$ cat model29.cif   # mmCIF, C-alpha atoms
data_protein
#
loop_
_atom_site.group_PDB
_atom_site.id
_atom_site.type_symbol
_atom_site.label_atom_id
_atom_site.label_comp_id
_atom_site.auth_asym_id
_atom_site.auth_seq_id
_atom_site.Cartn_x
_atom_site.Cartn_y
_atom_site.Cartn_z
ATOM 1 C CA MET A 1 -16.892 25.354 11.927
ATOM 2 C CA ALA A 2 -13.135 25.718 12.573
ATOM 3 C CA GLY A 3 -11.019 22.625 12.408
ATOM 4 C CA GLY A 4 -9.761 23.055 15.955
ATOM 5 C CA ASN A 5 -13.318 23.309 17.311
ATOM 6 C CA GLN A 6 -14.745 20.174 15.667
ATOM 7 C CA THR A 7 -16.532 18.000 18.217
ATOM 8 C CA SER A 8 -17.152 14.281 18.454
ATOM 9 C CA ILE A 9 -20.746 14.918 17.341
ATOM 10 C CA PHE A 10 -19.556 16.171 13.971
ATOM 11 C CA GLU A 11 -19.679 13.390 11.390
ATOM 12 C CA PHE A 12 -18.887 12.780 7.753
ATOM 13 C CA LEU A 13 -20.892 10.551 5.433
ATOM 14 C CA LEU A 14 -18.894 8.113 3.326
ATOM 15 C CA TRP A 15 -20.826 7.936 0.061
ATOM 16 C CA GLY A 16 -18.498 5.900 -2.122
ATOM 17 C CA PHE A 17 -20.672 2.889 -2.930
ATOM 18 C CA SER A 18 -24.007 2.198 -4.583
ATOM 19 C CA GLU A 19 -27.211 2.837 -2.631
ATOM 20 C CA ARG A 20 -29.067 -0.141 -4.140
ATOM 21 C CA PRO A 21 -29.739 -2.830 -1.474
ATOM 22 C CA GLU A 22 -28.993 -5.741 -3.825
ATOM 23 C CA GLN A 23 -25.622 -4.229 -4.756
ATOM 24 C CA GLN A 24 -24.843 -3.516 -1.100
ATOM 25 C CA ARG A 25 -25.077 -7.229 -0.279
ATOM 26 C CA ILE A 26 -22.784 -8.126 -3.173
ATOM 27 C CA LEU A 27 -20.308 -5.417 -2.159
ATOM 28 C CA PHE A 28 -20.272 -6.631 1.446
ATOM 29 C CA LEU A 29 -19.533 -10.239 0.445
ATOM 30 C CA LEU A 30 -16.941 -9.167 -2.129
ATOM 31 C CA PHE A 31 -15.072 -6.841 0.231
ATOM 32 C CA LEU A 32 -15.275 -9.347 3.091
ATOM 33 C CA TRP A 33 -13.816 -12.067 0.864
ATOM 34 C CA MET A 34 -11.022 -9.794 -0.379
ATOM 35 C CA TYR A 35 -10.169 -8.639 3.136
ATOM 36 C CA VAL A 36 -10.030 -12.156 4.578
ATOM 37 C CA VAL A 37 -7.893 -13.412 1.681
ATOM 38 C CA THR A 38 -5.601 -10.357 1.943
ATOM 39 C CA VAL A 39 -4.981 -10.790 5.662
ATOM 40 C CA ALA A 40 -4.647 -14.577 5.447
ATOM 41 C CA GLY A 41 -2.392 -14.479 2.377
ATOM 42 C CA ASN A 42 -0.029 -11.834 3.713
ATOM 43 C CA LEU A 43 0.042 -13.473 7.144
ATOM 44 C CA LEU A 44 1.017 -16.778 5.521
ATOM 45 C CA ILE A 45 3.841 -14.988 3.690
ATOM 46 C CA VAL A 46 5.153 -13.574 6.988
ATOM 47 C CA LEU A 47 4.899 -16.939 8.768
ATOM 48 C CA ALA A 48 6.467 -18.857 5.879
ATOM 49 C CA ILE A 49 9.439 -16.492 5.771
ATOM 50 C CA GLY A 50 9.821 -16.362 9.540
ATOM 51 C CA THR A 51 9.723 -20.126 10.024
ATOM 52 C CA ASN A 52 11.969 -21.126 7.127
ATOM 53 C CA THR A 53 15.687 -20.500 7.594
ATOM 54 C CA CYS A 54 16.289 -20.771 3.838
ATOM 55 C CA LEU A 55 14.277 -17.565 3.392
ATOM 56 C CA HIS A 56 16.189 -15.527 5.971
ATOM 57 C CA THR A 57 17.706 -13.287 3.323
ATOM 58 C CA PRO A 58 17.306 -9.534 2.713
ATOM 59 C CA MET A 59 14.853 -10.018 -0.180
ATOM 60 C CA TYR A 60 12.445 -12.057 1.927
ATOM 61 C CA PHE A 61 12.987 -9.844 4.972
ATOM 62 C CA PHE A 62 11.723 -6.899 2.910
ATOM 63 C CA LEU A 63 8.873 -9.011 1.512
ATOM 64 C CA ALA A 64 7.758 -9.937 5.045
ATOM 65 C CA SER A 65 7.816 -6.255 5.986
ATOM 66 C CA LEU A 66 5.731 -5.414 2.893
ATOM 67 C CA SER A 67 3.179 -8.088 3.830
ATOM 68 C CA CYS A 68 2.893 -6.667 7.363
ATOM 69 C CA ALA A 69 2.418 -3.170 5.939
ATOM 70 C CA ASP A 70 -0.235 -4.453 3.503
ATOM 71 C CA ILE A 71 -2.226 -6.055 6.321
ATOM 72 C CA LEU A 72 -2.198 -2.793 8.281
ATOM 73 C CA PHE A 73 -2.849 -0.704 5.153
ATOM 74 C CA THR A 74 -5.990 -2.546 4.094
ATOM 75 C CA SER A 75 -7.172 -2.806 7.723
ATOM 76 C CA THR A 76 -7.430 0.981 8.001
ATOM 77 C CA THR A 77 -10.227 1.198 5.417
ATOM 78 C CA VAL A 78 -11.960 -2.104 4.658
ATOM 79 C CA PRO A 79 -13.319 -3.034 8.149
ATOM 80 C CA LYS A 80 -15.012 0.358 8.497
ATOM 81 C CA ALA A 81 -16.450 0.049 4.978
ATOM 82 C CA LEU A 82 -17.790 -3.426 5.844
ATOM 83 C CA VAL A 83 -19.424 -2.122 9.033
ATOM 84 C CA ASN A 84 -21.041 0.762 7.143
ATOM 85 C CA ILE A 85 -22.372 -1.537 4.421
ATOM 86 C CA GLN A 86 -23.727 -4.063 6.918
ATOM 87 C CA THR A 87 -25.387 -1.484 9.197
ATOM 88 C CA GLN A 88 -26.604 0.695 6.309
ATOM 89 C CA SER A 89 -24.829 3.591 8.024
ATOM 90 C CA ARG A 90 -22.396 5.758 6.120
ATOM 91 C CA SER A 91 -21.234 7.903 9.021
ATOM 92 C CA ILE A 92 -17.757 8.298 10.471
ATOM 93 C CA SER A 93 -16.911 10.690 13.287
ATOM 94 C CA TYR A 94 -14.586 13.641 12.774
ATOM 95 C CA ALA A 95 -11.950 12.120 15.075
ATOM 96 C CA GLY A 96 -12.398 8.717 13.434
ATOM 97 C CA CYS A 97 -11.989 10.258 9.993
ATOM 98 C CA LEU A 98 -8.732 12.026 10.860
ATOM 99 C CA THR A 99 -7.423 8.896 12.588
ATOM 100 C CA GLN A 100 -8.237 6.803 9.536
ATOM 101 C CA LEU A 101 -6.602 9.398 7.276
ATOM 102 C CA TYR A 102 -3.379 9.379 9.308
ATOM 103 C CA PHE A 103 -2.966 5.602 9.382
ATOM 104 C CA PHE A 104 -4.048 5.241 5.745
ATOM 105 C CA LEU A 105 -1.382 7.702 4.601
ATOM 106 C CA ASN A 106 1.202 6.259 6.976
ATOM 107 C CA PHE A 107 0.866 2.655 5.801
ATOM 108 C CA GLY A 108 0.355 3.679 2.166
ATOM 109 C CA ILE A 109 3.623 5.643 2.094
ATOM 110 C CA MET A 110 5.275 2.765 3.963
ATOM 111 C CA ASP A 111 4.273 0.472 1.083
ATOM 112 C CA ILE A 112 5.937 2.851 -1.372
ATOM 113 C CA PHE A 113 9.185 3.033 0.612
ATOM 114 C CA LEU A 114 9.327 -0.748 0.979
ATOM 115 C CA LEU A 115 8.846 -1.203 -2.781
ATOM 116 C CA VAL A 116 11.807 1.146 -3.362
ATOM 117 C CA THR A 117 13.892 -0.793 -0.837
ATOM 118 C CA MET A 118 13.042 -4.060 -2.590
ATOM 119 C CA ALA A 119 14.077 -2.555 -5.925
ATOM 120 C CA TYR A 120 17.389 -1.449 -4.402
ATOM 121 C CA ASP A 121 17.933 -4.958 -3.024
ATOM 122 C CA ARG A 122 17.378 -6.509 -6.471
ATOM 123 C CA TYR A 123 19.663 -3.900 -8.057
ATOM 124 C CA VAL A 124 22.528 -4.773 -5.716
ATOM 125 C CA ALA A 125 21.902 -8.542 -6.045
ATOM 126 C CA ILE A 126 21.936 -8.529 -9.857
ATOM 127 C CA CYS A 127 24.226 -5.628 -10.766
ATOM 128 C CA HIS A 128 26.775 -6.029 -7.941
ATOM 129 C CA PRO A 129 26.490 -9.672 -6.846
ATOM 130 C CA LEU A 130 30.039 -9.865 -5.432
ATOM 131 C CA HIS A 131 29.328 -7.002 -3.028
ATOM 132 C CA TYR A 132 25.795 -8.079 -2.124
ATOM 133 C CA THR A 133 26.583 -9.672 1.238
ATOM 134 C CA MET A 134 28.581 -6.655 2.352
ATOM 135 C CA VAL A 135 26.153 -4.012 1.051
ATOM 136 C CA MET A 136 22.967 -5.713 2.244
ATOM 137 C CA SER A 137 24.251 -6.613 5.691
ATOM 138 C CA ARG A 138 21.828 -7.381 8.512
ATOM 139 C CA GLN A 139 22.489 -3.978 10.078
ATOM 140 C CA ARG A 140 21.789 -2.133 6.824
ATOM 141 C CA CYS A 141 18.628 -4.148 6.154
ATOM 142 C CA THR A 142 17.368 -3.392 9.654
ATOM 143 C CA LEU A 143 18.161 0.300 9.175
ATOM 144 C CA LEU A 144 16.354 0.416 5.811
ATOM 145 C CA VAL A 145 13.212 -1.271 7.152
ATOM 146 C CA SER A 146 13.256 0.932 10.273
ATOM 147 C CA ALA A 147 13.383 4.016 8.041
ATOM 148 C CA CYS A 148 10.507 2.650 5.929
ATOM 149 C CA TRP A 149 8.403 2.278 9.085
ATOM 150 C CA ALA A 150 9.395 5.578 10.745
ATOM 151 C CA LEU A 151 9.616 8.206 7.981
ATOM 152 C CA PRO A 152 6.066 7.857 6.559
ATOM 153 C CA SER A 153 4.589 9.079 9.845
ATOM 154 C CA LEU A 154 6.110 12.531 9.229
ATOM 155 C CA ALA A 155 4.326 12.976 5.892
ATOM 156 C CA ALA A 156 1.091 11.467 7.255
ATOM 157 C CA MET A 157 1.204 13.775 10.283
ATOM 158 C CA THR A 158 1.762 16.827 8.061
ATOM 159 C CA HIS A 159 -1.259 16.065 5.864
ATOM 160 C CA THR A 160 -3.460 15.200 8.853
ATOM 161 C CA PHE A 161 -2.572 18.439 10.658
ATOM 162 C CA LEU A 162 -3.354 20.512 7.554
ATOM 163 C CA ILE A 163 -6.755 18.808 7.221
ATOM 164 C CA PHE A 164 -7.349 19.454 10.939
ATOM 165 C CA ARG A 165 -6.964 23.206 10.260
ATOM 166 C CA LEU A 166 -9.769 23.221 7.668
ATOM 167 C CA SER A 167 -13.386 24.145 8.337
ATOM 168 C CA PHE A 168 -16.284 21.928 7.296
ATOM 169 C CA CYS A 169 -19.731 23.415 6.827
ATOM 170 C CA SER A 170 -23.051 21.773 5.999
ATOM 171 C CA LYS A 171 -21.811 19.694 3.069
ATOM 172 C CA LYS A 172 -20.161 16.713 4.775
ATOM 173 C CA ILE A 173 -20.682 14.001 2.159
ATOM 174 C CA ILE A 174 -17.383 12.367 1.147
ATOM 175 C CA PRO A 175 -17.643 10.717 -2.305
ATOM 176 C CA ASP A 176 -15.468 7.772 -1.271
ATOM 177 C CA PHE A 177 -15.590 4.742 1.039
ATOM 178 C CA PHE A 178 -12.870 6.077 3.367
ATOM 179 C CA CYS A 179 -11.370 9.407 4.459
ATOM 180 C CA ASP A 180 -8.750 10.545 1.968
ATOM 181 C CA LEU A 181 -7.068 13.866 1.235
ATOM 182 C CA GLY A 182 -8.805 14.784 -2.035
ATOM 183 C CA PRO A 183 -12.398 14.089 -0.949
ATOM 184 C CA LEU A 184 -11.871 15.869 2.395
ATOM 185 C CA MET A 185 -10.508 18.963 0.690
ATOM 186 C CA LYS A 186 -13.464 18.966 -1.706
ATOM 187 C CA VAL A 187 -16.036 19.085 1.121
ATOM 188 C CA SER A 188 -14.179 21.778 3.068
ATOM 189 C CA CYS A 189 -15.460 25.346 3.052
ATOM 190 C CA SER A 190 -11.964 26.715 3.801
ATOM 191 C CA ASP A 191 -9.235 27.784 1.420
ATOM 192 C CA THR A 192 -7.364 24.565 0.546
ATOM 193 C CA GLN A 193 -4.579 26.055 -1.570
ATOM 194 C CA VAL A 194 -1.935 25.264 1.061
ATOM 195 C CA ASN A 195 -3.217 21.704 1.351
ATOM 196 C CA GLU A 196 -3.178 21.242 -2.424
ATOM 197 C CA LEU A 197 0.359 22.639 -2.666
ATOM 198 C CA VAL A 198 1.591 20.287 0.071
ATOM 199 C CA VAL A 199 -0.104 17.332 -1.650
ATOM 200 C CA LEU A 200 1.779 18.160 -4.862
ATOM 201 C CA VAL A 201 5.132 18.754 -3.139
ATOM 202 C CA LEU A 202 4.987 15.816 -0.732
ATOM 203 C CA GLY A 203 3.234 13.721 -3.360
ATOM 204 C CA GLY A 204 6.166 14.282 -5.685
ATOM 205 C CA ALA A 205 8.582 13.455 -2.885
ATOM 206 C CA VAL A 206 6.941 10.219 -1.715
ATOM 207 C CA ILE A 207 5.396 9.016 -4.984
ATOM 208 C CA LEU A 208 7.231 10.295 -8.060
ATOM 209 C CA ILE A 209 10.788 10.222 -6.694
ATOM 210 C CA PRO A 210 10.458 6.595 -5.472
ATOM 211 C CA PHE A 211 8.796 5.655 -8.757
ATOM 212 C CA VAL A 212 11.672 7.168 -10.753
ATOM 213 C CA LEU A 213 14.242 5.466 -8.508
ATOM 214 C CA ILE A 214 12.547 2.107 -9.113
ATOM 215 C CA LEU A 215 12.503 2.679 -12.869
ATOM 216 C CA VAL A 216 16.201 3.639 -12.906
ATOM 217 C CA SER A 217 17.032 0.573 -10.807
ATOM 218 C CA TYR A 218 15.210 -1.711 -13.205
ATOM 219 C CA ILE A 219 16.816 -0.178 -16.267
ATOM 220 C CA HIS A 220 20.188 -1.185 -14.787
ATOM 221 C CA ILE A 221 18.784 -4.557 -13.677
ATOM 222 C CA ILE A 222 17.357 -5.453 -17.101
ATOM 223 C CA SER A 223 20.581 -4.352 -18.764
ATOM 224 C CA ALA A 224 22.570 -6.609 -16.417
ATOM 225 C CA ILE A 225 20.188 -9.548 -16.917
ATOM 226 C CA LEU A 226 20.520 -9.347 -20.697
ATOM 227 C CA ARG A 227 24.283 -9.757 -20.293
ATOM 228 C CA ILE A 228 23.894 -13.035 -18.355
ATOM 229 C CA PRO A 229 25.187 -15.810 -20.680
ATOM 230 C CA SER A 230 22.960 -18.552 -19.238
ATOM 231 C CA ALA A 231 19.371 -18.636 -20.524
ATOM 232 C CA GLN A 232 18.263 -20.317 -17.294
ATOM 233 C CA GLY A 233 19.921 -17.570 -15.250
ATOM 234 C CA ARG A 234 18.160 -14.889 -17.279
ATOM 235 C CA ARG A 235 14.787 -16.592 -16.788
ATOM 236 C CA LYS A 236 15.289 -16.893 -13.037
ATOM 237 C CA SER A 237 16.307 -13.227 -12.710
ATOM 238 C CA PHE A 238 13.418 -12.030 -14.880
ATOM 239 C CA SER A 239 10.981 -14.157 -12.862
ATOM 240 C CA THR A 240 12.066 -12.623 -9.553
ATOM 241 C CA CYS A 241 12.111 -9.061 -10.893
ATOM 242 C CA GLY A 242 8.920 -9.507 -12.925
ATOM 243 C CA SER A 243 6.908 -10.141 -9.772
ATOM 244 C CA HIS A 244 8.149 -6.923 -8.218
ATOM 245 C CA LEU A 245 7.542 -4.924 -11.402
ATOM 246 C CA ALA A 246 3.958 -6.183 -11.618
ATOM 247 C CA VAL A 247 3.254 -4.931 -8.091
ATOM 248 C CA VAL A 248 4.980 -1.613 -8.808
ATOM 249 C CA ALA A 249 3.013 -1.013 -12.016
ATOM 250 C CA LEU A 250 -0.356 -1.781 -10.412
ATOM 251 C CA PHE A 251 0.261 0.181 -7.226
ATOM 252 C CA PHE A 252 1.976 3.275 -8.628
ATOM 253 C CA GLY A 253 -0.317 3.499 -11.643
ATOM 254 C CA THR A 254 -3.430 3.879 -9.506
ATOM 255 C CA VAL A 255 -1.741 6.019 -6.814
ATOM 256 C CA ILE A 256 -0.436 8.518 -9.383
ATOM 257 C CA LYS A 257 -3.891 8.668 -10.960
ATOM 258 C CA ALA A 258 -5.508 9.348 -7.585
ATOM 259 C CA TYR A 259 -3.106 11.926 -6.150
ATOM 260 C CA LEU A 260 -1.166 13.621 -8.909
ATOM 261 C CA CYS A 261 -3.658 13.755 -11.796
ATOM 262 C CA PRO A 262 -6.360 16.429 -11.485
ATOM 263 C CA SER A 263 -9.970 15.220 -11.624
ATOM 264 C CA SER A 264 -13.286 16.983 -12.039
ATOM 265 C CA SER A 265 -16.337 16.648 -9.814
ATOM 266 C CA SER A 266 -18.417 14.834 -12.439
ATOM 267 C CA SER A 267 -20.037 11.531 -11.543
ATOM 268 C CA ASN A 268 -17.811 9.638 -13.994
ATOM 269 C CA SER A 269 -14.700 11.161 -12.437
ATOM 270 C CA VAL A 270 -15.876 10.289 -8.915
ATOM 271 C CA GLU A 271 -16.505 6.693 -10.001
ATOM 272 C CA GLU A 272 -13.053 6.509 -11.598
ATOM 273 C CA ASP A 273 -11.426 7.869 -8.422
ATOM 274 C CA THR A 274 -13.305 5.310 -6.309
ATOM 275 C CA ALA A 275 -12.248 2.509 -8.662
ATOM 276 C CA ALA A 276 -8.611 3.663 -8.467
ATOM 277 C CA ALA A 277 -8.853 3.801 -4.665
ATOM 278 C CA VAL A 278 -10.189 0.236 -4.548
ATOM 279 C CA MET A 279 -7.268 -0.887 -6.726
ATOM 280 C CA TYR A 280 -4.468 0.429 -4.507
ATOM 281 C CA THR A 281 -6.190 -0.017 -1.126
ATOM 282 C CA VAL A 282 -7.758 -3.459 -1.629
ATOM 283 C CA VAL A 283 -6.743 -5.185 -4.853
ATOM 284 C CA THR A 284 -2.957 -4.629 -4.677
ATOM 285 C CA PRO A 285 -2.575 -5.947 -1.092
ATOM 286 C CA LEU A 286 -4.781 -8.877 -2.156
ATOM 287 C CA LEU A 287 -2.645 -9.753 -5.172
ATOM 288 C CA ASN A 288 0.783 -9.319 -3.533
ATOM 289 C CA PRO A 289 0.866 -12.766 -1.859
ATOM 290 C CA PHE A 290 -0.124 -14.470 -5.114
ATOM 291 C CA ILE A 291 2.306 -12.475 -7.245
ATOM 292 C CA TYR A 292 5.250 -13.104 -4.929
ATOM 293 C CA SER A 293 4.526 -16.749 -4.150
ATOM 294 C CA LEU A 294 3.077 -18.391 -7.272
ATOM 295 C CA ARG A 295 6.145 -17.563 -9.381
ATOM 296 C CA ASN A 296 8.659 -18.325 -6.629
ATOM 297 C CA LYS A 297 9.655 -21.948 -5.975
ATOM 298 C CA ASP A 298 11.247 -21.132 -2.600
ATOM 299 C CA MET A 299 8.115 -19.382 -1.373
ATOM 300 C CA LYS A 300 5.840 -22.156 -2.614
ATOM 301 C CA GLY A 301 7.991 -24.745 -0.878
ATOM 302 C CA ALA A 302 7.998 -22.736 2.358
ATOM 303 C CA LEU A 303 4.206 -22.345 2.242
ATOM 304 C CA VAL A 304 3.747 -26.090 1.700
ATOM 305 C CA ARG A 305 6.018 -26.879 4.660
ATOM 306 C CA LEU A 306 4.171 -24.328 6.787
ATOM 307 C CA CYS A 307 0.805 -25.891 5.970
ATOM 308 C CA LYS A 308 2.214 -29.324 6.837
ATOM 309 C CA GLY A 309 3.467 -28.011 10.175
ATOM 310 C CA GLU A 310 7.140 -28.432 9.269
ATOM 311 C CA VAL A 311 8.310 -25.167 10.826
ATOM 312 C CA SER A 312 11.318 -23.897 12.728
ATOM 313 C CA LEU A 313 10.694 -20.848 14.876
ATOM 314 C CA SER A 314 13.956 -19.047 14.214
ATOM 315 C CA TRP A 315 14.432 -15.621 12.633
ATOM 316 C CA GLY A 316 18.190 -15.731 12.374
ATOM 317 C CA GLN A 317 19.812 -15.125 8.996
#

$ encode --input "model29.cif" --output "structure tokens"
Amino acid sequence: MAGGNQTSIFEFLLWGFSERPEQQRILFLLFLWMYVVTVAGNLLIVLAIGTNTCLHTPMYFFLASLSCADILFTSTTVPKALVNIQTQSRSISYAGCLTQLYFFLNFGIMDIFLLVTMAYDRYVAICHPLHYTMVMSRQRCTLLVSACWALPSLAAMTHTFLIFRLSFCSKKIIPDFFCDLGPLMKVSCSDTQVNELVVLVLGGAVILIPFVLILVSYIHIISAILRIPSAQGRRKSFSTCGSHLAVVALFFGTVIKAYLCPSSSSSNSVEEDTAAAVMYTVVTPLLNPFIYSLRNKDMKGALVRLCKGEVSLSWGQ
């Protein structure tokens, strides 16, 4: 069946979770809890930053953007997985699958770009503090975030179009809980060499290059922190940067494993790929609010004031 002739009747089966009924109930409650906490936590971060004038700085502007992206990112996969678990149906339509793929890639790449932007912000703040206000002006921050929201759609559209060109025969079982590039290519009966090449090239461009840029930034940052004479100043800088590094390590580690490391079709490999997918699609967006708020006095204070209703609806810097 040619990709351009797929109809709405054509469906895929998302076979990423256990078939045992008792495990299905546990999975539903676990994923529901994680999704609710993810959305609530990231939404609180956005509201706390938006309603507290003390947090109207570039660092928190980028953090609010990351929280918005995380809400959208996890919302592309988890609600559908919850519906499938609850209804005991594993099906997703062809159009629904491609739509999910596009938005999943779009918001996933957006997360990567925002993490790079946050690393650049910390680099300028710590390595060039005297030029920080000029370099990270409101106009430049707006431009950076706009690019982070606009550019990922190009890569997502490219991958989605290449999947659209593939043919899918009788084997339509996707060994995952959402539509992703690797599983879709595995169930295709077309030649996927072009798709695999584009995954490697674009994967290197949107995963490895940002990862290297973050590492280079933090080499300079750590070097600058070690030169700070005040022990209290070093601790404060390490605390702020440590939160970001923890997110980077968790997110990039699982993404690189999923997209740039070849895997076999064995059951163990499929389970490992599913576990990695759960880490970067569900666990990382869940942990971000805790990582960025629990070790940050300003964020904790803003969240307390928000919960008490002491807010000021002003987004000015």

$ resolve_selection --input "model29.cif" --expression "the PyMOL selection byres ((chain A and resi 178) around 7)" --output "list in words"
Leu14, Thr77, Asp176, Phe177, Cys179 and Asp180 of chain A

$ atom_distance --input "model29.cif" --atom1 "CA of Ala95 (chain A)" --atom2 "CA of Phe10 (chain A)"
8.7 Å

$ closest_residue --input "model29.cif" --among "A:Leu213, A:Ala81, A:Leu162, A:Met110" --to "Gln193 (chain A)" --atoms "all atoms listed in the file"
A:Leu162

$ closest_residue --input "model29.cif" --among "A:Thr57, A:Ser65, A:Asn84, A:Thr281" --to "Phe113 (chain A)" --atoms "only C-alpha atoms"
A:Ser65

$ resolve_selection --input "model29.cif" --expression "the PyMOL selection byres ((chain A and resi 42) around 10)" --output "mmCIF file with C-alpha atoms, keeping the file's coordinate frame"
data_model
loop_
_atom_site.group_PDB
_atom_site.id
_atom_site.type_symbol
_atom_site.label_atom_id
_atom_site.label_comp_id
_atom_site.auth_asym_id
_atom_site.auth_seq_id
_atom_site.Cartn_x
_atom_site.Cartn_y
_atom_site.Cartn_z
ATOM 1 C CA VAL A 37 -7.893 -13.412 1.681
ATOM 2 C CA THR A 38 -5.601 -10.357 1.943
ATOM 3 C CA VAL A 39 -4.981 -10.790 5.662
ATOM 4 C CA ALA A 40 -4.647 -14.577 5.447
ATOM 5 C CA GLY A 41 -2.392 -14.479 2.377
ATOM 6 C CA LEU A 43 0.042 -13.473 7.144
ATOM 7 C CA LEU A 44 1.017 -16.778 5.521
ATOM 8 C CA ILE A 45 3.841 -14.988 3.690
ATOM 9 C CA VAL A 46 5.153 -13.574 6.988
ATOM 10 C CA LEU A 47 4.899 -16.939 8.768
ATOM 11 C CA ALA A 48 6.467 -18.857 5.879
ATOM 12 C CA LEU A 63 8.873 -9.011 1.512
ATOM 13 C CA ALA A 64 7.758 -9.937 5.045
ATOM 14 C CA SER A 65 7.816 -6.255 5.986
ATOM 15 C CA LEU A 66 5.731 -5.414 2.893
ATOM 16 C CA SER A 67 3.179 -8.088 3.830
ATOM 17 C CA CYS A 68 2.893 -6.667 7.363
ATOM 18 C CA ALA A 69 2.418 -3.170 5.939
ATOM 19 C CA ASP A 70 -0.235 -4.453 3.503
ATOM 20 C CA ILE A 71 -2.226 -6.055 6.321
ATOM 21 C CA PRO A 285 -2.575 -5.947 -1.092
ATOM 22 C CA LEU A 286 -4.781 -8.877 -2.156
ATOM 23 C CA LEU A 287 -2.645 -9.753 -5.172
ATOM 24 C CA ASN A 288 0.783 -9.319 -3.533
ATOM 25 C CA PRO A 289 0.866 -12.766 -1.859
ATOM 26 C CA PHE A 290 -0.124 -14.470 -5.114
#

$ atom_distance --input "model29.cif" --atom1 "CA of Ile92 (chain A)" --atom2 "CA of Asn195 (chain A)"
21.8 Å

$ closest_residue --input "model29.cif" --among "A:Ile173, A:Ala258, A:Met34, A:Leu200" --to "Glu11 (chain A)" --atoms "all atoms listed in the file"
A:Ile173

$ residues_around --input "model29.cif" --residues "Val124 (chain A)" --least-positions-apart "6" --cutoff "12 Å" --atoms "all atoms listed in the file" --output "list of chain:residue names"
A:Pro58, A:Met59, A:Thr117, A:Met118, A:Leu130, A:His131, A:Tyr132, A:Thr133, A:Met134, A:Val135, A:Met136, A:Ser137, A:Ser217, A:Tyr218, A:His220, A:Ile221, A:Ala224

$ build_atoms --input "model29.cif" --residues "region 248-252 of chain A" --atoms "all heavy atoms" --output "compact mmCIF listing (two decimals), in the frame of the given file"
# COMPACT_ATOMS: atom_id res chain seq x y z
N VAL A 248 4.65 -3.03 -8.66
CA VAL A 248 4.98 -1.61 -8.81
C VAL A 248 4.05 -0.95 -9.82
O VAL A 248 3.51 0.14 -9.58
CB VAL A 248 6.45 -1.44 -9.24
CG1 VAL A 248 6.72 -0.01 -9.70
CG2 VAL A 248 7.38 -1.79 -8.09
N ALA A 249 3.86 -1.59 -10.97
CA ALA A 249 3.01 -1.01 -12.02
C ALA A 249 1.58 -0.84 -11.54
O ALA A 249 0.96 0.22 -11.77
CB ALA A 249 3.05 -1.90 -13.26
N LEU A 250 1.03 -1.84 -10.88
CA LEU A 250 -0.36 -1.78 -10.41
C LEU A 250 -0.52 -0.73 -9.32
O LEU A 250 -1.45 0.09 -9.37
CB LEU A 250 -0.79 -3.16 -9.89
CG LEU A 250 -2.22 -3.28 -9.38
CD1 LEU A 250 -3.21 -2.99 -10.50
CD2 LEU A 250 -2.47 -4.67 -8.80
N PHE A 251 0.38 -0.73 -8.37
CA PHE A 251 0.26 0.18 -7.23
C PHE A 251 0.51 1.63 -7.64
O PHE A 251 -0.32 2.51 -7.38
CB PHE A 251 1.24 -0.24 -6.13
CG PHE A 251 1.12 0.56 -4.86
CD1 PHE A 251 0.12 0.27 -3.95
CD2 PHE A 251 1.99 1.61 -4.59
CE1 PHE A 251 0.00 1.00 -2.77
CE2 PHE A 251 1.87 2.35 -3.42
CZ PHE A 251 0.88 2.03 -2.51
N PHE A 252 1.63 1.90 -8.28
CA PHE A 252 1.98 3.28 -8.63
C PHE A 252 1.05 3.84 -9.69
O PHE A 252 0.74 5.04 -9.68
CB PHE A 252 3.43 3.36 -9.10
CG PHE A 252 4.41 3.46 -7.97
CD1 PHE A 252 5.02 2.33 -7.48
CD2 PHE A 252 4.72 4.68 -7.41
CE1 PHE A 252 5.93 2.39 -6.44
CE2 PHE A 252 5.63 4.77 -6.37
CZ PHE A 252 6.24 3.62 -5.87
